[in-house]
file start.pdb (PDB, C-alpha atoms)
ATOM      1  CA  MET O   1     -25.144   1.163   6.042
ATOM      2  CA  GLN O   2     -24.888   4.927   6.668
ATOM      3  CA  ALA O   3     -21.176   4.978   7.570
ATOM      4  CA  TYR O   4     -18.145   2.709   7.807
ATOM      5  CA  MET O   5     -15.620   3.042  10.646
ATOM      6  CA  TYR O   6     -11.940   2.252  11.077
ATOM      7  CA  TYR O   7     -10.581   2.489  14.619
ATOM      8  CA  ASP O   8      -6.823   2.879  14.641
ATOM      9  CA  ALA O   9      -6.455   1.421  18.136
ATOM     10  CA  SER O  10      -7.841  -1.881  16.840
ATOM     11  CA  HIS O  11      -5.153  -2.332  14.200
ATOM     12  CA  ALA O  12      -2.101  -4.345  15.280
ATOM     13  CA  ARG O  13       0.862  -3.169  13.222
ATOM     14  CA  ASN O  14       2.337  -5.911  11.053
ATOM     15  CA  TYR O  15       5.493  -4.443   9.527
ATOM     16  CA  ASP O  16       7.275  -6.242   6.709
ATOM     17  CA  ASP O  17      11.052  -6.580   6.465
ATOM     18  CA  LYS O  18      11.197  -3.056   4.982
ATOM     19  CA  GLY O  19       9.462  -1.543   8.003
ATOM     20  CA  ILE O  20       6.150  -0.923   6.216
ATOM     21  CA  ASP O  21       2.597  -1.971   7.051
ATOM     22  CA  PHE O  22      -0.514  -1.056   5.084
ATOM     23  CA  ILE O  23      -4.179  -1.975   5.012
ATOM     24  CA  GLU O  24      -6.944  -1.320   2.521
ATOM     25  CA  LEU O  25      -9.898   0.270   4.295
ATOM     26  CA  PHE O  26     -13.593  -0.173   3.511
ATOM     27  CA  GLU O  27     -12.795  -2.668   0.772
ATOM     28  CA  GLY O  28     -15.752  -3.301  -1.524
ATOM     29  CA  THR O  29     -17.697  -0.212  -0.431
ATOM     30  CA  HIS O  30     -16.780   1.851  -3.490
ATOM     31  CA  ASP O  31     -15.991   0.774  -7.035
ATOM     32  CA  GLU O  32     -14.081   3.911  -8.073
ATOM     33  CA  VAL O  33     -11.998   4.827  -5.019
ATOM     34  CA  LYS O  34      -9.440   2.775  -3.092
ATOM     35  CA  ILE O  35      -8.399   3.957   0.373
ATOM     36  CA  CYS O  36      -5.306   2.605   2.141
ATOM     37  CA  LYS O  37      -3.586   3.520   5.374
ATOM     38  CA  TYR O  38       0.190   3.149   5.619
ATOM     39  CA  PHE O  39       2.448   2.842   8.655
ATOM     40  CA  MET O  40       6.224   3.245   8.335
ATOM     41  CA  ARG O  41       8.982   2.745  10.868
ATOM     42  CA  PRO O  42      11.792   5.326  11.172
ATOM     43  CA  GLY O  43      14.163   4.998   8.224
ATOM     44  CA  ALA O  44      11.742   3.013   6.070
ATOM     45  CA  THR O  45      11.449   4.013   2.406
ATOM     46  CA  LEU O  46       8.499   3.466   0.077
ATOM     47  CA  THR O  47       8.491   3.830  -3.722
ATOM     48  CA  PRO O  48       4.789   3.716  -4.696
ATOM     49  CA  ALA O  49       3.473   2.387  -7.980
ATOM     50  CA  LEU O  50       2.674   4.973 -10.667
ATOM     51  CA  PHE O  51      -0.753   5.304 -12.301
ATOM     52  CA  ALA O  52      -1.158   7.111 -15.617
ATOM     53  CA  ASP O  53      -4.950   7.124 -15.557
ATOM     54  CA  LYS O  54      -5.859   7.463 -11.857
ATOM     55  CA  ALA O  55      -5.750  10.407  -9.445
ATOM     56  CA  VAL O  56      -3.540   9.628  -6.442
ATOM     57  CA  PHE O  57      -3.625  11.743  -3.296
ATOM     58  CA  TYR O  58      -1.911  11.433   0.097
ATOM     59  CA  VAL O  59      -2.791  12.815   3.521
ATOM     60  CA  PHE O  60       0.083  12.593   6.015
ATOM     61  CA  GLY O  61      -1.536  12.569   9.441
ATOM     62  CA  LYS O  62       1.168  11.654  11.927
ATOM     63  CA  GLY O  63       4.949  11.724  12.174
ATOM     64  CA  GLN O  64       7.824  13.256  10.266
ATOM     65  CA  GLY O  65       9.516  12.339   7.021
ATOM     66  CA  LEU O  66      10.116  13.490   3.467
ATOM     67  CA  ILE O  67       8.964  12.998  -0.102
ATOM     68  CA  ARG O  68      11.534  13.105  -2.869
ATOM     69  CA  ASP O  69      10.522  13.600  -6.506
ATOM     70  CA  GLU O  70      12.222  15.052  -9.568
ATOM     71  CA  GLU O  71      11.116  18.595  -8.676
ATOM     72  CA  ALA O  72      11.900  18.941  -4.993
ATOM     73  CA  LEU O  73      12.492  17.478  -1.561
ATOM     74  CA  HIS O  74       9.310  17.966   0.490
ATOM     75  CA  ILE O  75       9.548  17.955   4.277
ATOM     76  CA  ILE O  76       6.715  16.353   6.259
ATOM     77  CA  ASP O  77       6.626  17.933   9.724
ATOM     78  CA  GLU O  78       2.899  18.562  10.227
ATOM     79  CA  VAL O  79      -0.296  17.437   8.495
ATOM     80  CA  CYS O  80       0.704  17.451   4.818
ATOM     81  CA  PHE O  81      -0.772  16.654   1.402
ATOM     82  CA  TYR O  82       0.808  15.284  -1.759
ATOM     83  CA  ALA O  83      -0.353  14.369  -5.259
ATOM     84  CA  PRO O  84       2.180  12.836  -7.695
ATOM     85  CA  ASN O  85       2.252  13.574 -11.389
ATOM     86  CA  TYR O  86       0.340  10.477 -12.473
ATOM     87  CA  GLY O  87       2.698   8.101 -14.276
ATOM     88  CA  SER O  88       5.266  10.751 -15.199
ATOM     89  CA  THR O  89       7.304  11.416 -12.058
ATOM     90  CA  PRO O  90       8.642   8.672  -9.754
ATOM     91  CA  TYR O  91       8.716   9.570  -6.069
ATOM     92  CA  THR O  92       9.772   8.072  -2.752
ATOM     93  CA  ILE O  93       8.452   8.511   0.765
ATOM     94  CA  GLN O  94      10.880   8.170   3.675
ATOM     95  CA  ALA O  95      10.009   8.101   7.370
ATOM     96  CA  ALA O  96      12.151   9.991   9.885
ATOM     97  CA  THR O  97       9.896   8.984  12.791
ATOM     98  CA  GLU O  98       6.917   6.639  12.950
ATOM     99  CA  LEU O  99       4.941   7.883   9.945
ATOM    100  CA  GLU O 100       1.269   7.300   9.175
ATOM    101  CA  PHE O 101      -0.725   8.440   6.161
ATOM    102  CA  MET O 102      -3.802   7.872   4.027
ATOM    103  CA  GLN O 103      -3.532   7.041   0.319
ATOM    104  CA  VAL O 104      -6.416   7.722  -2.078
ATOM    105  CA  ILE O 105      -6.474   6.152  -5.557
ATOM    106  CA  ALA O 106      -9.446   7.382  -7.595
ATOM    107  CA  ASN O 107     -10.670   6.492 -11.061
ATOM    108  CA  MET O 108     -10.762   9.129 -13.778
ATOM    109  CA  ASP O 109     -13.367   8.910 -16.542
ATOM    110  CA  SER O 110     -12.886  10.255 -20.071
ATOM    111  CA  ASP O 111     -14.270  13.658 -19.054
ATOM    112  CA  ASP O 112     -11.700  13.896 -16.239
ATOM    113  CA  GLN O 113      -8.955  13.073 -18.715
ATOM    114  CA  GLU O 114     -10.154  15.693 -21.215
ATOM    115  CA  LYS O 115     -10.201  18.384 -18.525
ATOM    116  CA  ARG O 116      -6.611  17.536 -17.638
ATOM    117  CA  ALA O 117      -5.589  18.629 -21.133
ATOM    118  CA  ILE O 118      -7.248  22.028 -20.619
ATOM    119  CA  ALA O 119      -6.148  22.913 -17.102
ATOM    120  CA  GLU O 120      -5.159  21.113 -13.933
ATOM    121  CA  ILE O 121      -3.421  21.687 -10.635
ATOM    122  CA  HIS O 122       0.367  21.723 -11.045
ATOM    123  CA  LEU O 123       1.774  18.296 -10.264
ATOM    124  CA  PRO O 124       3.576  17.106  -8.261
ATOM    125  CA  PHE O 125       1.535  18.988  -5.637
ATOM    126  CA  PHE O 126       2.669  19.423  -2.018
ATOM    127  CA  ARG O 127       1.156  21.522   0.755
ATOM    128  CA  LYS O 128       1.383  21.709   4.519
ATOM    129  CA  GLU O 129      -1.857  22.327   6.362
ATOM    130  CA  SER O 130      -0.539  25.660   7.658
ATOM    131  CA  GLN O 131       0.027  26.800   4.043
ATOM    132  CA  CYS O 132      -3.567  26.164   2.971
ATOM    133  CA  ASP O 133      -6.054  29.032   2.710
ATOM    134  CA  CYS O 134      -8.729  29.444   5.364
ATOM    135  CA  TYR O 135     -12.377  29.664   4.354
ATOM    136  CA  ASP O 136     -15.712  30.270   6.087
ATOM    137  CA  GLN O 137     -18.808  28.095   5.695
ATOM    138  CA  ASP O 138     -22.252  28.374   7.261
ATOM    139  CA  CYS O 139     -22.276  24.745   8.422
ATOM    140  CA  LYS O 140     -19.255  25.364  10.685
ATOM    141  CA  THR O 141     -19.706  26.787  14.186
ATOM    142  CA  PRO O 142     -17.906  30.056  15.089
ATOM    143  CA  GLY O 143     -14.308  29.509  16.158
ATOM    144  CA  ASN O 144     -13.579  26.646  13.762
ATOM    145  CA  THR O 145     -10.611  26.946  11.423
ATOM    146  CA  SER O 146     -11.378  25.445   8.009
ATOM    147  CA  ARG O 147      -8.801  25.212   5.239
ATOM    148  CA  THR O 148      -9.119  24.264   1.594
ATOM    149  CA  VAL O 149      -6.492  21.936   0.125
ATOM    150  CA  ILE O 150      -7.911  20.950  -3.272
ATOM    151  CA  TRP O 151     -11.116  22.584  -4.424
ATOM    152  CA  GLY O 152     -12.940  20.056  -6.553
ATOM    153  CA  GLU O 153     -13.333  20.598 -10.280
ATOM    154  CA  PHE O 154     -11.643  24.002 -10.100
ATOM    155  CA  ASP O 155      -8.316  22.413  -9.159
ATOM    156  CA  ARG O 156      -8.962  19.380 -11.352
ATOM    157  CA  LEU O 157      -7.403  16.426  -9.652
ATOM    158  CA  GLY O 158     -10.066  14.210 -11.144
ATOM    159  CA  ARG O 159     -13.180  14.431  -8.968
ATOM    160  CA  ILE O 160     -11.322  14.776  -5.637
ATOM    161  CA  THR O 161     -11.927  17.633  -3.191
ATOM    162  CA  CYS O 162     -10.088  18.001   0.125
ATOM    163  CA  GLY O 163     -10.040  20.304   3.133
ATOM    164  CA  THR O 164      -9.479  20.380   6.888
ATOM    165  CA  CYS O 165     -11.414  21.452   9.963
ATOM    166  CA  GLU O 166     -10.080  22.214  13.449
ATOM    167  CA  GLY O 167     -11.981  23.357  16.523
ATOM    168  CA  TYR O 168     -12.187  23.023  20.305
ATOM    169  CA  ASN O 169     -14.637  23.073  23.224
ATOM    170  CA  GLY O 170     -17.942  22.275  21.565
ATOM    171  CA  GLU O 171     -17.094  23.583  18.108
ATOM    172  CA  GLY O 172     -17.924  21.525  15.067
ATOM    173  CA  THR O 173     -19.623  20.943  11.744
ATOM    174  CA  ILE O 174     -23.333  20.434  11.089
ATOM    175  CA  GLU O 175     -23.669  19.295   7.503
ATOM    176  CA  GLU O 176     -26.587  18.237   5.360
ATOM    177  CA  GLY O 177     -26.012  15.117   3.295
ATOM    178  CA  HIS O 178     -24.350  15.369  -0.096
ATOM    179  CA  PRO O 179     -26.567  13.538  -2.606
ATOM    180  CA  SER O 180     -23.747  12.863  -5.063
ATOM    181  CA  VAL O 181     -20.571  13.206  -2.986
ATOM    182  CA  HIS O 182     -18.901  10.493  -0.902
ATOM    183  CA  GLN O 183     -16.809  11.661   2.063
ATOM    184  CA  TRP O 184     -13.901  10.141   3.979
ATOM    185  CA  ASN O 185     -12.725  11.724   7.258
ATOM    186  CA  TYR O 186      -9.261  11.213   8.759
ATOM    187  CA  ALA O 187      -8.867  12.271  12.401
ATOM    188  CA  VAL O 188      -5.456  13.880  12.962
ATOM    189  CA  GLY O 189      -3.426  15.811  15.541
ATOM    190  CA  ASN O 190      -4.982  15.650  19.013
ATOM    191  CA  ALA O 191      -8.413  14.737  17.654
ATOM    192  CA  ASP O 192     -10.902  13.513  20.259
ATOM    193  CA  TYR O 193     -14.467  14.129  19.096
ATOM    194  CA  TRP O 194     -17.907  12.721  18.279
ATOM    195  CA  MET O 195     -19.445  12.119  14.875
ATOM    196  CA  THR O 196     -23.157  11.572  14.279
ATOM    197  CA  VAL O 197     -24.444  10.243  10.950
ATOM    198  CA  GLY O 198     -28.080  10.261   9.850
ATOM    199  CA  SER O 199     -31.131  11.938  11.325
ATOM    200  CA  GLY O 200     -34.155  11.108  13.458
ATOM    201  CA  LYS O 201     -34.407   7.541  14.703
ATOM    202  CA  ASP O 202     -31.719   6.450  12.224
ATOM    203  CA  LYS O 203     -28.966   8.543  13.857
ATOM    204  CA  GLU O 204     -25.756   6.757  14.790
ATOM    205  CA  THR O 205     -23.006   8.359  16.908
ATOM    206  CA  TYR O 206     -19.355   7.330  16.889
ATOM    207  CA  PHE O 207     -16.355   8.356  18.995
ATOM    208  CA  ARG O 208     -13.357   9.453  16.903
ATOM    209  CA  LYS O 209      -9.695   9.639  17.923
ATOM    210  CA  ALA O 210      -6.533  10.652  16.080
ATOM    211  CA  GLY O 211      -5.650   8.012  13.483
ATOM    212  CA  ASP O 212      -9.248   6.901  12.915
ATOM    213  CA  LEU O 213     -10.843   6.971   9.460
ATOM    214  CA  ASP O 214     -14.453   6.785   8.365
ATOM    215  CA  PHE O 215     -16.439   6.670   5.140
ATOM    216  CA  ILE O 216     -19.832   8.353   4.740
ATOM    217  CA  PRO O 217     -21.426   7.331   1.417
ATOM    218  CA  ALA O 218     -23.360  10.053  -0.396
ATOM    219  CA  GLY O 219     -26.659  10.924   1.274
ATOM    220  CA  PRO O 220     -26.928  11.084   5.062
ATOM    221  CA  ASP O 221     -26.567  14.210   7.194
ATOM    222  CA  HIS O 222     -23.516  14.235   9.450
ATOM    223  CA  THR O 223     -22.295  16.216  12.451
ATOM    224  CA  LEU O 224     -18.788  16.321  13.894
ATOM    225  CA  PHE O 225     -18.147  18.144  17.161
ATOM    226  CA  ALA O 226     -15.685  18.389  20.033
ATOM    227  CA  GLY O 227     -16.777  18.037  23.628
ATOM    228  CA  TYR O 228     -15.660  20.681  26.107
ATOM    229  CA  GLY O 229     -11.949  20.405  26.715
ATOM    230  CA  LYS O 230     -11.624  18.257  23.587
ATOM    231  CA  CYS O 231     -10.221  18.787  20.083
ATOM    232  CA  LEU O 232     -11.905  18.448  16.695
ATOM    233  CA  HIS O 233      -9.312  18.065  13.931
ATOM    234  CA  TYR O 234      -9.926  16.119  10.765
ATOM    235  CA  VAL O 235      -9.120  16.040   7.059
ATOM    236  CA  TRP O 236     -12.066  15.420   4.767
ATOM    237  CA  VAL O 237     -11.684  13.990   1.286
ATOM    238  CA  GLU O 238     -14.678  13.998  -1.039
ATOM    239  CA  PHE O 239     -15.295  12.286  -4.364
ATOM    240  CA  ASN O 240     -18.018  13.380  -6.762
ATOM    241  CA  THR O 241     -19.951  10.354  -8.023
ATOM    242  CA  ASN O 242     -21.285  12.158 -11.116
ATOM    243  CA  LYS O 243     -19.535  10.634 -14.122
ATOM    244  CA  LYS O 244     -19.624  12.883 -17.187
ATOM    245  CA  GLY O 245     -17.626  10.564 -19.399
ATOM    246  CA  LYS O 246     -16.888   6.896 -19.897
TER     247      LYS O 246
END
call {"tool": "encode", "arguments": {"input": "start.pdb", "output": "structure tokens"}}
result
Amino acid sequence: MQAYMYYDASHARNYDDKGIDFIELFEGTHDEVKICKYFMRPGATLTPALFADKAVFYVFGKGQGLIRDEEALHIIDEVCFYAPNYGSTPYTIQAATELEFMQVIANMDSDDQEKRAIAEIHLPFFRKESQCDCYDQDCKTPGNTSRTVIWGEFDRLGRITCGTCEGYNGEGTIEEGHPSVHQWNYAVGNADYWMTVGSGKDKETYFRKAGDLDFIPAGPDHTLFAGYGKCLHYVWVEFNTNKKGK
């Protein structure tokens, strides 16, 4: 299997008595990373479990709300990103409107833990997409806006890397496969684009809309592009499969 797809339109919301629905996506496809998508009704509040030995990362893709931790009150009013301080700092997520987001829970090996003691991104971490630095990359067509959120080992949130890409009218990304990096893509905003995975006779093309998620295991080439009059807007989250510790 070259890629795994989740189509948001196919998911019937099943809210509990607290106004929360969540599903685990691509279950069984990866033994070190768990991906969930959450849906919250206006006014609903979530207090997630804390993990001392796992990297947890959120991508807020739709709606408005807030995150409250011991450091600050963080306002969600666009695409936003959050990483809690492992098991040290409780936090709550509250929806002001219908709120949807992706949760990543990733294993950390002994090498990841040792690096934390040397240097790591300040946690809790919160950024809005508009606050993230733009970067240029040769696999992106002219006119795209790419932003870096967490830059792999340099930022040291385990082995997680994250960024965004936005483009219109035929713009996109033409990327060679990553031999040791898995990639998840979350379509956000007004996203309405095509994604092709693989090459030659093994190519597969998928239509992507806002709210959709996909998983491309390490290896195959992949291309994401907007048709004319359409929007390409997605958050990519990568996980390096190279374990340096136990």
call {"tool": "atom_distance", "arguments": {"input": "start.pdb", "atom1": "CA of Asn190 (chain O)", "atom2": "CA of Ser130 (chain O)"}}
result
15.8 Å
call {"tool": "resolve_selection", "arguments": {"input": "start.pdb", "expression": "the PyMOL selection byres ((chain O and resi 113-129) around 10)", "output": "CSV table (one decimal) with C-alpha atoms, in the frame of the given file"}}
result
chain,number,residue,atom,x,y,z
O,53,ASP,CA,-5.0,7.1,-15.6
O,54,LYS,CA,-5.9,7.5,-11.9
O,57,PHE,CA,-3.6,11.7,-3.3
O,58,TYR,CA,-1.9,11.4,0.1
O,59,VAL,CA,-2.8,12.8,3.5
O,60,PHE,CA,0.1,12.6,6.0
O,67,ILE,CA,9.0,13.0,-0.1
O,69,ASP,CA,10.5,13.6,-6.5
O,70,GLU,CA,12.2,15.1,-9.6
O,71,GLU,CA,11.1,18.6,-8.7
O,72,ALA,CA,11.9,18.9,-5.0
O,74,HIS,CA,9.3,18.0,0.5
O,75,ILE,CA,9.5,18.0,4.3
O,76,ILE,CA,6.7,16.4,6.3
O,77,ASP,CA,6.6,17.9,9.7
O,78,GLU,CA,2.9,18.6,10.2
O,79,VAL,CA,-0.3,17.4,8.5
O,80,CYS,CA,0.7,17.5,4.8
O,81,PHE,CA,-0.8,16.7,1.4
O,82,TYR,CA,0.8,15.3,-1.8
O,83,ALA,CA,-0.4,14.4,-5.3
O,84,PRO,CA,2.2,12.8,-7.7
O,85,ASN,CA,2.3,13.6,-11.4
O,86,TYR,CA,0.3,10.5,-12.5
O,88,SER,CA,5.3,10.8,-15.2
O,89,THR,CA,7.3,11.4,-12.1
O,90,PRO,CA,8.6,8.7,-9.8
O,91,TYR,CA,8.7,9.6,-6.1
O,108,MET,CA,-10.8,9.1,-13.8
O,109,ASP,CA,-13.4,8.9,-16.5
O,110,SER,CA,-12.9,10.3,-20.1
O,111,ASP,CA,-14.3,13.7,-19.1
O,112,ASP,CA,-11.7,13.9,-16.2
O,130,SER,CA,-0.5,25.7,7.7
O,131,GLN,CA,0.0,26.8,4.0
O,132,CYS,CA,-3.6,26.2,3.0
O,133,ASP,CA,-6.1,29.0,2.7
O,134,CYS,CA,-8.7,29.4,5.4
O,147,ARG,CA,-8.8,25.2,5.2
O,148,THR,CA,-9.1,24.3,1.6
O,149,VAL,CA,-6.5,21.9,0.1
O,150,ILE,CA,-7.9,21.0,-3.3
O,151,TRP,CA,-11.1,22.6,-4.4
O,153,GLU,CA,-13.3,20.6,-10.3
O,154,PHE,CA,-11.6,24.0,-10.1
O,155,ASP,CA,-8.3,22.4,-9.2
O,156,ARG,CA,-9.0,19.4,-11.4
O,157,LEU,CA,-7.4,16.4,-9.7
O,158,GLY,CA,-10.1,14.2,-11.1
O,163,GLY,CA,-10.0,20.3,3.1
O,164,THR,CA,-9.5,20.4,6.9
O,235,VAL,CA,-9.1,16.0,7.1
O,245,GLY,CA,-17.6,10.6,-19.4
call {"tool": "residues_around", "arguments": {"input": "start.pdb", "residues": "Lys203 (chain O)", "least_positions_apart": "3", "cutoff": "12 Å", "atoms": "only C-alpha atoms", "output": "list in words"}}
result
Met1, Gln2, Ala3, Met195, Thr196, Val197, Gly198, Ser199, Gly200, Tyr206, Pro220, Asp221, His222 and Thr223 of chain O
call {"tool": "write_last_selection", "arguments": {"input": "start.pdb", "atoms": "C-alpha atoms", "output": "PDB file, in the frame of the given file"}}
result
ATOM      1  CA  MET O   1     -25.144   1.163   6.042  1.00  0.00           C
ATOM      2  CA  GLN O   2     -24.888   4.927   6.668  1.00  0.00           C
ATOM      3  CA  ALA O   3     -21.176   4.978   7.570  1.00  0.00           C
ATOM      4  CA  MET O 195     -19.445  12.119  14.875  1.00  0.00           C
ATOM      5  CA  THR O 196     -23.157  11.572  14.279  1.00  0.00           C
ATOM      6  CA  VAL O 197     -24.444  10.243  10.950  1.00  0.00           C
ATOM      7  CA  GLY O 198     -28.080  10.261   9.850  1.00  0.00           C
ATOM      8  CA  SER O 199     -31.131  11.938  11.325  1.00  0.00           C
ATOM      9  CA  GLY O 200     -34.155  11.108  13.458  1.00  0.00           C
ATOM     10  CA  TYR O 206     -19.355   7.330  16.889  1.00  0.00           C
ATOM     11  CA  PRO O 220     -26.928  11.084   5.062  1.00  0.00           C
ATOM     12  CA  ASP O 221     -26.567  14.210   7.194  1.00  0.00           C
ATOM     13  CA  HIS O 222     -23.516  14.235   9.450  1.00  0.00           C
ATOM     14  CA  THR O 223     -22.295  16.216  12.451  1.00  0.00           C
TER      15      THR O 223
END
call {"tool": "atom_distance", "arguments": {"input": "start.pdb", "atom1": "CA of Glu100 (chain O)", "atom2": "CA of Glu24 (chain O)"}}
result
13.6 Å
call {"tool": "atom_distance", "arguments": {"input": "start.pdb", "atom1": "CA of Leu213 (chain O)", "atom2": "CA of Lys37 (chain O)"}}
result
9.0 Å
call {"tool": "closest_residue", "arguments": {"input": "start.pdb", "among": "O:Arg208, O:Pro217, O:Gly227, O:Asp136", "to": "Glu171 (chain O)", "atoms": "all atoms listed in the file"}}
result
O:Gly227
call {"tool": "residues_around", "arguments": {"input": "start.pdb", "residues": "Gly211 (chain O)", "least_positions_apart": "5", "cutoff": "9 Å", "atoms": "only C-alpha atoms", "output": "count of residues only"}}
result
13
call {"tool": "closest_residue", "arguments": {"input": "start.pdb", "among": "O:Gly19, O:Pro48, O:Gly177, O:Gly28", "to": "Thr97 (chain O)", "atoms": "all atoms listed in the file"}}
result
O:Gly19
call {"tool": "residues_around", "arguments": {"input": "start.pdb", "residues": "Thr92 (chain O)", "least_positions_apart": "4", "cutoff": "6 Å", "atoms": "all atoms listed in the file", "output": "PyMOL selection string"}}
result
chain O and resi 46-47+67-68
call {"tool": "closest_residue", "arguments": {"input": "start.pdb", "among": "O:Trp194, O:Phe207, O:Phe225, O:Trp184", "to": "Glu238 (chain O)", "atoms": "all atoms listed in the file"}}
result
O:Trp184
call {"tool": "resolve_selection", "arguments": {"input": "start.pdb", "expression": "the PyMOL selection byres ((chain O and resi 172) around 12)", "output": "PyMOL selection string"}}
result
chain O and resi 137-146+164-171+173-175+191-196+222-228+230-234
call {"tool": "closest_residue", "arguments": {"input": "start.pdb", "among": "O:Tyr15, O:Phe239, O:Phe51, O:Phe26", "to": "Ser180 (chain O)", "atoms": "only C-alpha atoms"}}
result
O:Phe239
call {"tool": "closest_residue", "arguments": {"input": "start.pdb", "among": "O:Thr161, O:Asn107, O:Ser10, O:Leu66", "to": "Lys246 (chain O)", "atoms": "all atoms listed in the file"}}
result
O:Asn107
call {"tool": "resolve_selection", "arguments": {"input": "start.pdb", "expression": "the PyMOL selection byres ((chain O and resi 13) around 10)", "output": "NGL selection string"}}
result
:O and (8-12 or 14-16 or 20-23 or 38-40)
call {"tool": "decode", "arguments": {"input": "start.pdb", "residues": "region 50-63 of chain O", "atoms": "N, CA, C and O atoms", "output": "PDB file, in the first residue's frame"}}
result
ATOM      1  N   LEU O  50      -1.855  13.000  29.845  1.00  0.00           N
ATOM      2  CA  LEU O  50      -0.471  13.450  29.772  1.00  0.00           C
ATOM      3  C   LEU O  50       0.453  12.255  29.562  1.00  0.00           C
ATOM      4  O   LEU O  50       0.211  11.174  30.099  1.00  0.00           O
ATOM      5  N   PHE O  51       1.515  12.458  28.781  1.00  0.00           N
ATOM      6  CA  PHE O  51       2.485  11.410  28.498  1.00  0.00           C
ATOM      7  C   PHE O  51       3.885  11.929  28.813  1.00  0.00           C
ATOM      8  O   PHE O  51       4.335  12.899  28.218  1.00  0.00           O
ATOM      9  N   ALA O  52       4.563  11.273  29.738  1.00  0.00           N
ATOM     10  CA  ALA O  52       5.901  11.711  30.130  1.00  0.00           C
ATOM     11  C   ALA O  52       6.957  11.317  29.112  1.00  0.00           C
ATOM     12  O   ALA O  52       7.999  11.966  29.002  1.00  0.00           O
ATOM     13  N   ASP O  53       6.698  10.248  28.357  1.00  0.00           N
ATOM     14  CA  ASP O  53       7.735   9.687  27.498  1.00  0.00           C
ATOM     15  C   ASP O  53       7.351   9.642  26.018  1.00  0.00           C
ATOM     16  O   ASP O  53       7.943   8.922  25.231  1.00  0.00           O
ATOM     17  N   LYS O  54       6.327  10.409  25.635  1.00  0.00           N
ATOM     18  CA  LYS O  54       5.923  10.488  24.226  1.00  0.00           C
ATOM     19  C   LYS O  54       5.802  11.943  23.801  1.00  0.00           C
ATOM     20  O   LYS O  54       5.450  12.811  24.603  1.00  0.00           O
ATOM     21  N   ALA O  55       6.108  12.214  22.522  1.00  0.00           N
ATOM     22  CA  ALA O  55       5.936  13.552  21.966  1.00  0.00           C
ATOM     23  C   ALA O  55       4.497  13.684  21.487  1.00  0.00           C
ATOM     24  O   ALA O  55       4.009  12.844  20.721  1.00  0.00           O
ATOM     25  N   VAL O  56       3.805  14.722  21.947  1.00  0.00           N
ATOM     26  CA  VAL O  56       2.419  14.957  21.556  1.00  0.00           C
ATOM     27  C   VAL O  56       2.351  16.285  20.813  1.00  0.00           C
ATOM     28  O   VAL O  56       2.951  17.282  21.229  1.00  0.00           O
ATOM     29  N   PHE O  57       1.616  16.281  19.693  1.00  0.00           N
ATOM     30  CA  PHE O  57       1.573  17.461  18.837  1.00  0.00           C
ATOM     31  C   PHE O  57       0.178  17.588  18.242  1.00  0.00           C
ATOM     32  O   PHE O  57      -0.406  16.594  17.809  1.00  0.00           O
ATOM     33  N   TYR O  58      -0.354  18.814  18.228  1.00  0.00           N
ATOM     34  CA  TYR O  58      -1.693  19.078  17.712  1.00  0.00           C
ATOM     35  C   TYR O  58      -1.636  20.016  16.509  1.00  0.00           C
ATOM     36  O   TYR O  58      -0.842  20.964  16.484  1.00  0.00           O
ATOM     37  N   VAL O  59      -2.524  19.739  15.552  1.00  0.00           N
ATOM     38  CA  VAL O  59      -2.747  20.647  14.420  1.00  0.00           C
ATOM     39  C   VAL O  59      -4.228  20.996  14.419  1.00  0.00           C
ATOM     40  O   VAL O  59      -5.078  20.123  14.199  1.00  0.00           O
ATOM     41  N   PHE O  60      -4.552  22.251  14.690  1.00  0.00           N
ATOM     42  CA  PHE O  60      -5.938  22.713  14.693  1.00  0.00           C
ATOM     43  C   PHE O  60      -6.277  23.220  13.303  1.00  0.00           C
ATOM     44  O   PHE O  60      -5.745  24.234  12.844  1.00  0.00           O
ATOM     45  N   GLY O  61      -7.179  22.492  12.614  1.00  0.00           N
ATOM     46  CA  GLY O  61      -7.424  22.765  11.208  1.00  0.00           C
ATOM     47  C   GLY O  61      -8.682  23.531  10.898  1.00  0.00           C
ATOM     48  O   GLY O  61      -8.800  24.126   9.818  1.00  0.00           O
ATOM     49  N   LYS O  62      -9.645  23.527  11.825  1.00  0.00           N
ATOM     50  CA  LYS O  62     -10.918  24.186  11.524  1.00  0.00           C
ATOM     51  C   LYS O  62     -11.589  24.638  12.809  1.00  0.00           C
ATOM     52  O   LYS O  62     -11.628  23.894  13.794  1.00  0.00           O
ATOM     53  N   GLY O  63     -12.124  25.856  12.794  1.00  0.00           N
ATOM     54  CA  GLY O  63     -12.902  26.354  13.917  1.00  0.00           C
ATOM     55  C   GLY O  63     -12.111  27.262  14.841  1.00  0.00           C
ATOM     56  O   GLY O  63     -10.933  27.551  14.612  1.00  0.00           O
TER      57      GLY O  63
END
